[in-house]
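See below for work.txt, which holds compact mmCIF, C-alpha atoms.
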# COMPACT_ATOMS: atom_id res chain seq x y z
CA MET T 1 65.25 62.37 83.64
CA THR T 2 66.88 64.37 80.87
CA SER T 3 70.68 64.58 80.70
CA TYR T 4 70.78 68.15 79.37
CA LYS T 5 69.63 71.55 80.50
CA THR T 6 66.73 73.23 78.72
CA ARG T 7 67.51 76.92 78.33
CA LEU T 8 65.23 79.93 78.17
CA LEU T 9 64.49 82.18 75.19
CA VAL T 10 62.39 85.28 75.83
CA SER T 11 61.05 87.45 73.01
CA VAL T 12 61.31 91.21 73.59
CA ARG T 13 59.92 94.11 71.60
CA ASP T 14 62.16 97.02 72.69
CA ILE T 15 65.21 98.06 74.66
CA GLU T 16 63.36 98.29 77.99
CA GLU T 17 62.20 94.67 77.76
CA ALA T 18 65.65 93.60 76.55
CA ARG T 19 67.21 95.20 79.62
CA ILE T 20 64.90 93.19 81.90
CA ALA T 21 65.70 89.96 80.06
CA LEU T 22 69.42 90.68 80.25
CA ASP T 23 69.28 91.52 83.97
CA GLU T 24 67.37 88.30 84.66
CA GLY T 25 69.96 86.15 82.92
CA VAL T 26 67.82 84.96 80.01
CA ASP T 27 69.83 82.48 77.94
CA LEU T 28 68.78 83.83 74.54
CA ILE T 29 67.11 87.16 73.84
CA ASP T 30 64.83 87.27 70.80
CA LEU T 31 63.65 90.37 68.95
CA LYS T 32 59.99 90.24 67.94
CA GLU T 33 57.03 92.63 67.66
CA PRO T 34 54.00 90.70 69.03
CA ASN T 35 51.48 93.07 67.48
CA LEU T 36 52.64 91.93 64.03
CA GLY T 37 51.89 88.24 64.38
CA SER T 38 53.80 85.18 65.42
CA LEU T 39 57.14 86.38 64.03
CA GLY T 40 56.63 90.11 63.55
CA ARG T 41 59.85 91.96 62.91
CA VAL T 42 60.80 95.00 64.99
CA ALA T 43 61.83 98.33 63.51
CA GLU T 44 65.46 98.51 62.41
CA SER T 45 66.12 101.24 64.99
CA VAL T 46 64.85 98.97 67.77
CA ALA T 47 67.03 96.09 66.58
CA ALA T 48 70.09 98.35 66.55
CA GLU T 49 69.37 99.67 70.06
CA VAL T 50 68.90 96.20 71.53
CA ALA T 51 72.01 94.83 69.81
CA ALA T 52 74.05 97.70 71.24
CA LEU T 53 72.64 97.07 74.71
CA VAL T 54 73.22 93.32 74.68
CA ALA T 55 76.67 93.70 73.14
CA GLY T 56 77.52 90.01 73.25
CA ARG T 57 76.43 89.43 76.84
CA ALA T 58 73.76 86.98 75.63
CA PRO T 59 72.96 85.36 72.29
CA LEU T 60 70.52 87.45 70.24
CA SER T 61 68.00 86.32 67.65
CA MET T 62 65.64 88.26 65.39
CA ALA T 63 62.32 87.42 63.75
CA LEU T 64 61.91 88.61 60.16
CA GLY T 65 58.21 87.89 59.64
CA GLU T 66 56.81 85.34 57.20
CA LEU T 67 58.46 84.25 53.98
CA THR T 68 55.29 85.26 52.11
CA ASP T 69 55.93 88.88 53.19
CA TYR T 70 58.92 88.83 50.87
CA PHE T 71 57.65 86.43 48.18
CA PRO T 72 53.86 86.84 47.76
CA THR T 73 53.81 84.20 45.02
CA ASP T 74 55.74 81.01 44.44
CA LYS T 75 57.03 82.35 41.13
CA ALA T 76 58.61 85.54 42.47
CA LEU T 77 62.29 85.77 41.56
CA ALA T 78 63.17 88.58 43.95
CA PRO T 79 61.74 89.76 47.29
CA VAL T 80 59.12 92.52 47.10
CA LEU T 81 59.89 93.69 50.66
CA SER T 82 63.29 94.99 51.66
CA LEU T 83 65.10 92.74 54.07
CA ALA T 84 65.48 94.31 57.49
CA VAL T 85 69.00 95.41 58.38
CA ILE T 86 70.41 92.77 60.69
CA PRO T 87 72.71 94.57 63.16
CA ASN T 88 76.01 93.23 64.40
CA GLY T 89 75.42 91.03 67.41
CA VAL T 90 72.39 89.21 66.04
CA GLY T 91 73.40 85.56 65.81
CA PHE T 92 70.17 83.94 64.61
CA VAL T 93 67.36 84.96 62.25
CA LYS T 94 64.06 83.17 61.68
CA LEU T 95 61.29 83.27 59.10
CA GLY T 96 57.80 81.81 59.33
CA LEU T 97 56.28 79.62 56.64
CA ALA T 98 52.59 80.44 56.95
CA GLY T 99 50.96 80.10 53.54
CA CYS T 100 53.87 78.10 52.13
CA GLY T 101 52.31 74.65 52.48
CA PRO T 102 50.90 74.58 48.92
CA ARG T 103 54.10 75.99 47.45
CA ARG T 104 56.72 73.87 45.76
CA ASN T 105 59.55 76.41 45.86
CA TRP T 106 59.41 77.98 49.30
CA ALA T 107 62.90 76.66 50.15
CA ARG T 108 64.28 78.58 47.16
CA GLY T 109 62.82 81.80 48.54
CA TRP T 110 64.48 81.11 51.89
CA GLN T 111 67.80 80.61 50.12
CA LEU T 112 67.45 83.85 48.16
CA LEU T 113 66.89 85.84 51.36
CA ALA T 114 69.66 84.05 53.22
CA ARG T 115 72.19 85.26 50.65
CA GLN T 116 71.64 88.77 52.05
CA PHE T 117 72.34 87.79 55.66
CA PRO T 118 75.65 88.72 57.29
CA ARG T 119 78.09 85.82 57.11
CA ALA T 120 78.03 85.06 60.84
CA VAL T 121 74.21 84.87 61.12
CA GLU T 122 72.70 81.42 61.60
CA ARG T 123 69.37 80.46 60.04
CA VAL T 124 66.43 79.17 62.09
CA PHE T 125 63.68 77.34 60.20
CA VAL T 126 60.17 77.42 61.66
CA ALA T 127 57.52 74.70 61.73
CA TYR T 128 54.01 75.59 62.86
CA ALA T 129 52.18 73.07 65.01
CA ASP T 130 48.90 74.49 63.69
CA HIS T 131 50.05 73.87 60.12
CA ALA T 132 46.55 73.21 58.80
CA GLU T 133 45.29 76.61 59.93
CA ALA T 134 48.54 78.32 58.93
CA ALA T 135 48.69 76.53 55.55
CA SER T 136 52.34 75.85 56.33
CA PRO T 137 54.51 72.85 55.42
CA LEU T 138 54.52 69.79 57.66
CA SER T 139 57.22 69.77 60.32
CA GLU T 140 59.08 66.83 58.79
CA GLN T 141 59.37 68.66 55.47
CA VAL T 142 60.71 71.75 57.22
CA ILE T 143 63.24 69.64 59.16
CA GLN T 144 64.50 68.10 55.92
CA GLU T 145 64.88 71.48 54.20
CA ALA T 146 66.53 72.99 57.28
CA SER T 147 69.04 70.16 57.35
CA ARG T 148 69.86 70.62 53.65
CA ALA T 149 70.40 74.33 54.29
CA GLU T 150 72.66 73.54 57.26
CA ALA T 151 70.44 75.56 59.58
CA ARG T 152 71.55 75.88 63.18
CA ALA T 153 68.13 75.42 64.76
CA MET T 154 64.48 74.53 64.27
CA LEU T 155 61.69 76.43 66.01
CA LEU T 156 58.32 74.85 66.65
CA ASP T 157 55.70 77.55 67.18
CA THR T 158 52.04 78.34 66.58
CA ALA T 159 50.95 80.84 63.96
CA THR T 160 47.51 81.21 65.53
CA LYS T 161 47.62 83.58 68.52
CA ASP T 162 44.09 83.30 69.86
CA GLY T 163 44.67 81.83 73.32
CA ARG T 164 45.35 78.30 72.14
CA GLY T 165 48.79 76.85 72.66
CA LEU T 166 51.09 74.16 71.35
CA PHE T 167 49.30 71.29 73.09
CA ASP T 168 45.99 72.24 71.52
CA PHE T 169 47.53 70.98 68.26
CA TRP T 170 50.19 68.44 69.26
CA ASP T 171 50.48 65.90 72.05
CA VAL T 172 53.62 65.18 74.06
CA ALA T 173 54.48 62.13 71.97
CA ALA T 174 54.50 64.20 68.77
CA LEU T 175 56.68 66.81 70.45
CA ARG T 176 59.16 64.14 71.55
CA ARG T 177 59.38 62.86 68.00
CA PHE T 178 59.98 66.39 66.74
CA THR T 179 62.81 67.16 69.16
CA ALA T 180 64.42 63.78 68.48
CA ARG T 181 64.35 64.31 64.71
CA VAL T 182 65.76 67.82 65.00
CA ARG T 183 68.61 66.59 67.19
CA GLN T 184 69.31 63.72 64.79
CA HIS T 185 69.95 66.32 62.11
CA GLY T 186 72.40 68.17 64.35
CA MET T 187 70.18 71.17 65.04
CA LEU T 188 68.92 72.81 68.20
CA ALA T 189 65.27 72.14 69.04
CA VAL T 190 63.53 75.37 70.10
CA VAL T 191 59.91 75.04 71.20
CA GLY T 192 57.32 77.76 71.78
CA GLY T 193 53.69 78.34 70.97
CA GLY T 194 51.56 79.90 73.71
CA LEU T 195 53.40 78.08 76.49
CA THR T 196 52.39 78.57 80.12
CA LEU T 197 53.94 77.80 83.50
CA ASP T 198 51.97 74.54 83.39
CA THR T 199 53.13 73.42 79.94
CA ILE T 200 56.76 74.56 80.09
CA PRO T 201 57.80 71.49 82.15
CA GLN T 202 56.29 69.20 79.51
CA VAL T 203 58.27 70.92 76.78
CA ALA T 204 61.50 70.65 78.75
CA ALA T 205 60.87 66.98 79.47
CA ALA T 206 60.24 66.34 75.77
CA GLY T 207 63.81 67.28 74.91
CA ALA T 208 63.73 70.94 73.90
CA ASP T 209 67.08 72.71 73.90
CA TYR T 210 65.27 76.02 74.38
CA VAL T 211 61.83 76.91 75.68
CA ALA T 212 60.67 80.00 73.75
CA VAL T 213 58.20 82.31 75.49
CA ARG T 214 56.56 85.67 75.06
CA GLY T 215 53.15 85.62 76.75
CA ALA T 216 54.35 83.53 79.71
CA ALA T 217 56.93 86.22 80.47
CA CYS T 218 54.48 89.14 80.16
CA GLU T 219 51.93 90.88 82.31
CA GLY T 220 48.56 89.95 80.87
CA SER T 221 48.78 88.71 77.28
CA ARG T 222 51.70 88.34 74.85
CA THR T 223 51.19 91.98 73.85
CA GLY T 224 51.75 93.10 77.46
CA ARG T 225 55.10 94.04 78.96
CA VAL T 226 57.84 91.58 79.86
CA ASP T 227 57.94 91.14 83.63
CA ALA T 228 61.04 90.26 85.68
CA ALA T 229 59.11 88.21 88.25
CA ARG T 230 57.57 86.05 85.53
CA ILE T 231 60.98 85.39 84.02
CA ARG T 232 62.26 84.34 87.43
CA ALA T 233 59.32 81.96 87.82
CA ILE T 234 60.11 80.31 84.49
CA ARG T 235 63.79 80.03 85.33
CA ARG T 236 62.90 78.29 88.59
CA ILE T 237 60.83 75.75 86.65
CA LEU T 238 63.70 75.05 84.25
CA SER T 239 66.24 74.69 87.03
Write the structure described by the file as structure tokens, please.
Amino acid sequence: MTSYKTRLLVSVRDIEEARIALDEGVDLIDLKEPNLGSLGRVAESVAAEVAALVAGRAPLSMALGELTDYFPTDKALAPVLSLAVIPNGVGFVKLGLAGCGPRRNWARGWQLLARQFPRAVERVFVAYADHAEAASPLSEQVIQEASRAEARAMLLDTATKDGRGLFDFWDVAALRRFTARVRQHGMLAVVGGGLTLDTIPQVAAAGADYVAVRGAACEGSRTGRVDAARIRAIRRILS
């Protein structure tokens, strides 16, 4: 038995989905556009609308895409893409590291972007379980860099959104090691990656502070609409 409570993060794409998540008591609401990949960023107008709606009633996070969107090469000294405006009320921001595995200086790019974040915003580093396919750094390397940067949390996700999920790439033992290492470094362990009602209990039992879902909370696929009944089903599992 675990001695802590695993909380629920649900990713929403607009104000209507955010309202459902808020009404259903989701522990952390995450802004993400699922049609733009694993960590697609929403339009600035959407982020502002959702932040105004939530207004501090729940923690709010925001995906900003992949680091390579901003730094196409390892030698870039400045981002080529403008950083999205992060509205007041967003407490966490996250960036994916797909394509950064071969790079030596990806952590420097993260630091350059982070200098533009509002002071109160916490950084979330992302490790991809399918790192070979994503060409992303190994999870242990990401944990080390996140710790050096004094990040608040680590997210384990999958970059590949083709119907496979976390446990197609990792087993439960590997997940337990991941959550333990993240906690040892004083960070929150957030775990997603194509989770289902069947795999969510395994993630909670492995020590995740947050279970992160999109598809499991939607009608149909992850690009469907967030559904209140599905959120209630997940909350029952976690309780």
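Reported to one decimal place, the separation of CA of Asn35 in chain T from CA of Val190 in chain T is 21.6 Å.
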(request) Identify which of the residues T:Thr223, T:Thr6, T:Ser239, T:Ser82 lies closest to Asp162 in chain T, counting all atoms listed in the file when measuring atom-to-atom distances. (result) T:Thr223
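Among T:Asp74, T:Asp27, T:Asp198, T:Glu17, the residue with the shortest atom-to-atom distance to Val46 in chain T, counting all atoms listed in the file, is T:Glu17.
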(message) So that I can see what lies close to Gln144 in chain T, please list as a ChimeraX atom specification the residues with an atom at most 12 Å from it, counting all atoms listed in the file and leaving out residues fewer than 6 positions away in the same chain.
(response) /T:107,125-127,137-138,150-151,154,178,181-182,184-187
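Relative to CA of Lys5 in chain T, CA of Ala146 in chain T is found at 23.5 Å.
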(message) Env of Pro34 in chain T: 10 Å cut, atoms = all atoms listed in the file, seq-sep filter 6 positions within chain, self excluded. Answer as a VMD selection string.
(response) chain T and resid 11 to 13 40 to 42 161 214 to 215 221 to 224
(request) Can you pull out every residue within 12 Å of Ala216 in chain T, counting only C-alpha atoms, but drop anything in the same chain fewer than 2 positions away, and send it as a PyMOL selection string? (result) chain T and resi 8-11+163+165+192-200+211-214+218-235
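The residue that comes closest to Leu67 in chain T, out of T:Val90, T:Trp106, T:Ala52, T:Ser45 and on the basis of all atoms listed in the file, is T:Trp106.
With all atoms listed in the file as the atoms that count, the minimum distance from Thr179 in chain T to the choices T:Leu22, T:Ala204, T:Ala120, T:Cys100 is reached by T:Ala204.
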(request) Return the single residue from T:Lys32, T:Ala63, T:Leu97, T:Tyr70 that is closest to Ala132 in chain T, with distances computed using only C-alpha atoms. (result) T:Leu97
(request) Give me the residues within 7 Å of Ala129 in chain T as number ranges by chain, counting only C-alpha atoms and dropping any in the same chain fewer than 4 places off. (result) T: 156-158, 166, 169-170
Would you mind exporting the chosen residues as a compact mmCIF listing (two decimals), in the frame of the given file, restricted to C-alpha atoms?
# COMPACT_ATOMS: atom_id res chain seq x y z
CA LEU T 156 58.32 74.85 66.65
CA ASP T 157 55.70 77.55 67.18
CA THR T 158 52.04 78.34 66.58
CA LEU T 166 51.09 74.16 71.35
CA PHE T 169 47.53 70.98 68.26
CA TRP T 170 50.19 68.44 69.26
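Taking all atoms listed in the file into account, Pro87 in chain T lies nearest to T:Ala55 out of the set T:Leu112, T:Ala208, T:Ala55, T:Ala217.
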(message) So the first atom is CA of Val121 in chain T and the second is CA of Glu16 in chain T; what is the distance between them in Å, to one decimal place?
(response) 24.1 Å
(request) Tell me which protein, DNA and RNA residues are within 12 Å of Arg123 in chain T, counting only C-alpha atoms, leaving out same-chain ones fewer than 3 positions away, and put them as a count of residues only. (result) 35
Could you please fill out range 199-235 of chain T with N, CA and C atoms and send it back as a short mmCIF file (atom, residue, chain, number, x, y, z; two decimals), in the coordinates of the input?
data_model
loop_
_atom_site.label_atom_id
_atom_site.label_comp_id
_atom_site.auth_asym_id
_atom_site.auth_seq_id
_atom_site.Cartn_x
_atom_site.Cartn_y
_atom_site.Cartn_z
N THR T 199 52.68 74.24 81.08
CA THR T 199 53.13 73.42 79.94
C THR T 199 54.63 73.48 79.71
N ILE T 200 55.30 74.46 80.26
CA ILE T 200 56.76 74.56 80.09
C ILE T 200 57.48 73.30 80.58
N PRO T 201 57.11 72.72 81.74
CA PRO T 201 57.80 71.49 82.15
C PRO T 201 57.64 70.35 81.16
N GLN T 202 56.49 70.25 80.50
CA GLN T 202 56.29 69.20 79.51
C GLN T 202 57.21 69.39 78.31
N VAL T 203 57.40 70.64 77.91
CA VAL T 203 58.27 70.92 76.78
C VAL T 203 59.72 70.59 77.13
N ALA T 204 60.14 70.96 78.33
CA ALA T 204 61.50 70.65 78.75
C ALA T 204 61.72 69.14 78.82
N ALA T 205 60.75 68.43 79.35
CA ALA T 205 60.87 66.98 79.47
C ALA T 205 60.87 66.28 78.12
N ALA T 206 60.31 66.93 77.10
CA ALA T 206 60.24 66.34 75.77
C ALA T 206 61.53 66.52 74.98
N GLY T 207 62.51 67.20 75.56
CA GLY T 207 63.81 67.28 74.91
C GLY T 207 64.14 68.58 74.23
N ALA T 208 63.43 69.66 74.53
CA ALA T 208 63.73 70.94 73.90
C ALA T 208 65.05 71.50 74.41
N ASP T 209 65.86 72.02 73.49
CA ASP T 209 67.08 72.71 73.90
C ASP T 209 66.76 74.08 74.47
N TYR T 210 65.74 74.72 73.88
CA TYR T 210 65.27 76.02 74.38
C TYR T 210 63.76 76.01 74.48
N VAL T 211 63.24 76.56 75.56
CA VAL T 211 61.83 76.91 75.68
C VAL T 211 61.71 78.37 75.25
N ALA T 212 60.83 78.65 74.29
CA ALA T 212 60.67 80.00 73.75
C ALA T 212 59.36 80.58 74.24
N VAL T 213 59.41 81.72 74.93
CA VAL T 213 58.20 82.31 75.49
C VAL T 213 58.11 83.79 75.16
N ARG T 214 56.89 84.25 75.10
CA ARG T 214 56.56 85.67 75.06
C ARG T 214 55.47 85.91 76.11
N GLY T 215 54.27 85.37 75.85
CA GLY T 215 53.15 85.62 76.75
C GLY T 215 53.41 85.17 78.18
N ALA T 216 54.09 84.03 78.36
CA ALA T 216 54.35 83.53 79.71
C ALA T 216 55.26 84.45 80.50
N ALA T 217 56.00 85.29 79.81
CA ALA T 217 56.93 86.22 80.47
C ALA T 217 56.35 87.62 80.60
N CYS T 218 55.08 87.80 80.19
CA CYS T 218 54.48 89.14 80.16
C CYS T 218 53.36 89.30 81.19
N GLU T 219 53.12 90.54 81.54
CA GLU T 219 51.93 90.88 82.31
C GLU T 219 50.73 90.83 81.37
N GLY T 220 49.73 90.06 81.74
CA GLY T 220 48.56 89.95 80.87
C GLY T 220 48.83 89.02 79.71
N SER T 221 48.63 89.52 78.48
CA SER T 221 48.78 88.71 77.28
C SER T 221 50.18 88.89 76.69
N ARG T 222 50.40 88.25 75.53
CA ARG T 222 51.70 88.34 74.85
C ARG T 222 51.99 89.75 74.35
N THR T 223 50.96 90.60 74.27
CA THR T 223 51.19 91.98 73.85
C THR T 223 51.41 92.90 75.05
N GLY T 224 51.42 92.32 76.27
CA GLY T 224 51.75 93.10 77.46
C GLY T 224 53.24 93.34 77.56
N ARG T 225 53.69 93.73 78.75
CA ARG T 225 55.10 94.04 78.96
C ARG T 225 55.80 92.87 79.64
N VAL T 226 57.03 92.61 79.23
CA VAL T 226 57.84 91.58 79.86
C VAL T 226 58.05 91.93 81.33
N ASP T 227 57.92 90.93 82.19
CA ASP T 227 57.94 91.14 83.63
C ASP T 227 59.06 90.30 84.26
N ALA T 228 59.89 90.94 85.08
CA ALA T 228 61.04 90.26 85.68
C ALA T 228 60.61 89.09 86.57
N ALA T 229 59.55 89.28 87.35
CA ALA T 229 59.11 88.21 88.25
C ALA T 229 58.65 86.98 87.48
N ARG T 230 58.01 87.19 86.36
CA ARG T 230 57.57 86.05 85.53
C ARG T 230 58.76 85.31 84.93
N ILE T 231 59.77 86.06 84.52
CA ILE T 231 60.98 85.39 84.02
C ILE T 231 61.62 84.56 85.11
N ARG T 232 61.67 85.10 86.31
CA ARG T 232 62.26 84.34 87.43
C ARG T 232 61.47 83.06 87.70
N ALA T 233 60.15 83.14 87.59
CA ALA T 233 59.32 81.96 87.82
C ALA T 233 59.62 80.88 86.78
N ILE T 234 59.80 81.28 85.54
CA ILE T 234 60.11 80.31 84.49
C ILE T 234 61.49 79.71 84.70
N ARG T 235 62.44 80.54 85.08
CA ARG T 235 63.79 80.03 85.33
C ARG T 235 63.81 79.03 86.48
#
